[in-house]
Amino acid sequence: MSLHLQTLPDTRCFEETNTAEELLARLAGPTSVRIPGVDSSRTRVVVTLLHGNEPSGLHAMHAWLRSRVQPRVNALLIVGNVAAARESPGFGHRNLPGGNDLNRCFRPPFEGAEGRLAEEILQAIRRERCEALVDLHNNTGHNPPYGVGTRIDAKRLAITRLFAETHVHTELRLGSLMEGTEDDVPGVTIEAGRAGDPAADGVALAGLRKFLSVDEIDSPSEGFGAMRILDATLRVRLRRGRRVAFAETPIAGVDLTVLPDVDRHNFREVGSGSRIGWLASAEIWPVEALDRDGRDRSRELFESRDRELLVRQPLMPIMMTTDAQIAAADCLFYVVYRLEV
């Protein structure tokens, strides 16, 4: 399947299908479509399916297009990793087996098929001189809906506010779309909730309707006092070559066993001494916690006692996954701290 961005002349491909799954089957590959707005002088961008196992954005985009509502301003809609989403069993793969994570490719040198596609997406966005961007995603663990941005300003907080009450600021550099576009357009990644949860589809659709219908995306009259604003400072991941499993008791043959309900801690403070899981050996340290400068801070956060991996100091995790494949390919979770803005 093509990994080049196809541009549709109109939205009939979306409107003539009854479900997002039918639409996905009809798309030839990564796709963009431009819809004229009431105000044709401005454009907003909606991107979805950069990860093939995160379908809420596609469900929302399909439902919104079938409603045939004209957007307030021009809308540029982009569907990313169609091939990964279509790979059997459908919406089951973050990226194609053996391929790269598309949302880690939005920076030079844009190598490989995913890198070239990322560059094409950036070019399509820059041609439009857009005023706002939303990138719709799902989580694999239990999380409330929230937005993520590389800067804290009124526009980005206002975009998040259309979808959620929590905004996460990050300066960690991973090669994501919001990093690649931060100098071009105020953009926010929206994590709508757990993949496959109808509530997450509802969050994505309700926010998308507001994003494409309001005249101005700006600070609400009451400000942002009700919002929870967090700073993601550390990314906790497996060390290279280490293996992980999720279980109630230690699993032989892996370097780290993590409790299967660990995602219950997402967006909650975890106290000192709390158990995360078990190490295979006291001599093997399987995790690292990288800050924005690439320094490993894991020994400050965790300690090992009788082969148990324990929290050394109180912390708040987000995006804790219980999927071993994603934990190995991406990360275990992020650590955040509350900001007063």
# chains A, B, ... in the order shown; residues from 1 in each chain; ligands from 1
call {"tool": "select_by_dssp", "arguments": {"residues": "segment 102-247 of chain A", "states": "alpha helix (DSSP H)", "output": "PyMOL selection string"}}
result
chain A and resi 112-128+154-161+177-180+198-213
call {"tool": "residues_around", "arguments": {"residues": "Leu230 of chain A", "least_positions_apart": "4", "cutoff": "6 Å", "atoms": "only C-alpha atoms", "output": "tab-separated table (two decimals) with C-alpha atoms, in the first residue's frame"}}
result
chain	number	residue	atom	x	y	z
A	168	VAL	CA	0.17	18.53	29.43
A	336	VAL	CA	4.43	14.96	35.18
A	337	TYR	CA	4.35	17.79	37.70
A	338	ARG	CA	1.61	20.35	38.22
A	339	LEU	CA	2.17	23.87	36.89
call {"tool": "residues_around", "arguments": {"residues": "Pro55 of chain A", "least_positions_apart": "4", "cutoff": "9 Å", "atoms": "only C-alpha atoms", "output": "list in words"}}
result
Ala20, Thr48, Leu49, His51, His59, Ala60, Ala85, Phe91, Leu136, His137, Asn138, Ala195, Gly196 and Asp201 of chain A
call {"tool": "write_last_selection", "arguments": {"atoms": "C-alpha atoms", "output": "CSV table (one decimal), in the first residue's frame"}}
result
chain,number,residue,atom,x,y,z
A,20,ALA,CA,-15.3,4.4,9.6
A,48,THR,CA,-5.7,11.4,12.7
A,49,LEU,CA,-4.5,7.8,12.5
A,51,HIS,CA,-1.0,5.4,14.9
A,59,HIS,CA,-14.5,7.7,13.8
A,60,ALA,CA,-15.0,11.4,14.7
A,85,ALA,CA,-4.8,0.6,10.5
A,91,PHE,CA,-6.9,-1.0,14.2
A,136,LEU,CA,-6.3,13.1,17.5
A,137,HIS,CA,-5.0,10.0,19.3
A,138,ASN,CA,-6.0,7.3,21.8
A,195,ALA,CA,-8.8,2.9,22.0
A,196,GLY,CA,-12.0,1.0,21.4
A,201,ASP,CA,-15.0,8.3,20.2
call {"tool": "residues_around", "arguments": {"residues": "Arg268 of chain A", "least_positions_apart": "2", "cutoff": "9 Å", "atoms": "only C-alpha atoms", "output": "PyMOL selection string"}}
result
chain A and resi 264-266+270+315-318
call {"tool": "select_by_dssp", "arguments": {"residues": "segment 71-112 of chain A", "states": "strand (DSSP E or B)", "output": "number ranges by chain"}}
result
A: 73-79
call {"tool": "closest_residue", "arguments": {"among": "A:Arg307, A:Arg127, A:Ser298, A:Ile159", "to": "Val214 of chain A", "atoms": "only C-alpha atoms"}}
result
A:Ile159
call {"tool": "residues_around", "arguments": {"residues": "Pro314 of chain A", "least_positions_apart": "6", "cutoff": "7 Å", "atoms": "only C-alpha atoms", "output": "VMD selection string"}}
result
chain A and resid 269 to 272
call {"tool": "closest_residue", "arguments": {"among": "A:Val82, A:Ala232, A:Leu301, A:Leu332", "to": "Thr257 of chain A", "atoms": "only C-alpha atoms"}}
result
A:Leu332
call {"tool": "atom_distance", "arguments": {"atom1": "atom CA of Ala245 of chain A", "atom2": "atom CA of Thr233 of chain A"}}
result
25.0 Å
call {"tool": "residues_around", "arguments": {"residues": "Asn18 of chain A", "least_positions_apart": "2", "cutoff": "12 Å", "atoms": "only C-alpha atoms", "output": "list of chain:residue names"}}
result
A:Arg12, A:Cys13, A:Phe14, A:Glu15, A:Glu16, A:Ala20, A:Glu21, A:Glu22, A:Leu23, A:Leu24, A:Ala25, A:Arg26, A:His59, A:His62, A:Ala63, A:Leu65, A:Arg66, A:Ser67
call {"tool": "residues_around", "arguments": {"residues": "Val254 of chain A", "least_positions_apart": "4", "cutoff": "8 Å", "atoms": "only C-alpha atoms", "output": "MDAnalysis selection string"}}
result
chainID A and resid 242:245 280
call {"tool": "write_last_selection", "arguments": {"atoms": "C-alpha atoms", "output": "short mmCIF file (atom, residue, chain, number, x, y, z; two decimals), in the first residue's frame"}}
result
data_model
loop_
_atom_site.label_atom_id
_atom_site.label_comp_id
_atom_site.auth_asym_id
_atom_site.auth_seq_id
_atom_site.Cartn_x
_atom_site.Cartn_y
_atom_site.Cartn_z
CA ARG A 242 15.26 -5.49 28.03
CA ARG A 243 11.92 -7.35 28.05
CA VAL A 244 8.73 -6.63 29.95
CA ALA A 245 5.53 -8.48 30.87
CA ALA A 280 14.31 -10.42 37.23
#
call {"tool": "atom_distance", "arguments": {"atom1": "atom CA of Leu279 of chain A", "atom2": "atom CA of Arg299 of chain A"}}
result
14.0 Å
call {"tool": "closest_atom_pairs", "arguments": {"of": "segment 194-292 of chain A", "to": "segment 129-134 of chain A", "cutoff": "9 Å", "atoms": "only C-alpha atoms", "output": "Markdown table"}}
result
| residue | atom | partner | partner_atom | distance |
| --- | --- | --- | --- | --- |
| A:Leu208 | CA | A:Val134 | CA | 8.6 |
| A:Phe211 | CA | A:Val134 | CA | 8.5 |
| A:Ile217 | CA | A:Ala132 | CA | 8.2 |
call {"tool": "write_last_selection", "arguments": {"atoms": "N, CA and C atoms", "output": "short mmCIF file (atom, residue, chain, number, x, y, z; two decimals), in the first residue's frame"}}
result
data_model
loop_
_atom_site.label_atom_id
_atom_site.label_comp_id
_atom_site.auth_asym_id
_atom_site.auth_seq_id
_atom_site.Cartn_x
_atom_site.Cartn_y
_atom_site.Cartn_z
N LEU A 208 -14.16 17.84 18.07
CA LEU A 208 -13.97 18.16 16.66
C LEU A 208 -15.07 19.10 16.16
N PHE A 211 -14.16 22.47 17.43
CA PHE A 211 -12.95 22.97 16.78
C PHE A 211 -13.25 23.54 15.40
N ILE A 217 -10.78 30.58 18.15
CA ILE A 217 -10.25 29.70 19.19
C ILE A 217 -9.36 30.57 20.07
#
call {"tool": "closest_residue", "arguments": {"among": "A:Asp197, A:Asp306, A:Asp183, A:Asp215", "to": "Thr43 of chain A", "atoms": "only C-alpha atoms"}}
result
A:Asp215
call {"tool": "closest_residue", "arguments": {"among": "A:Pro30, A:Leu174, A:Ala164, A:Thr321", "to": "Ala113 of chain A", "atoms": "only C-alpha atoms"}}
result
A:Pro30
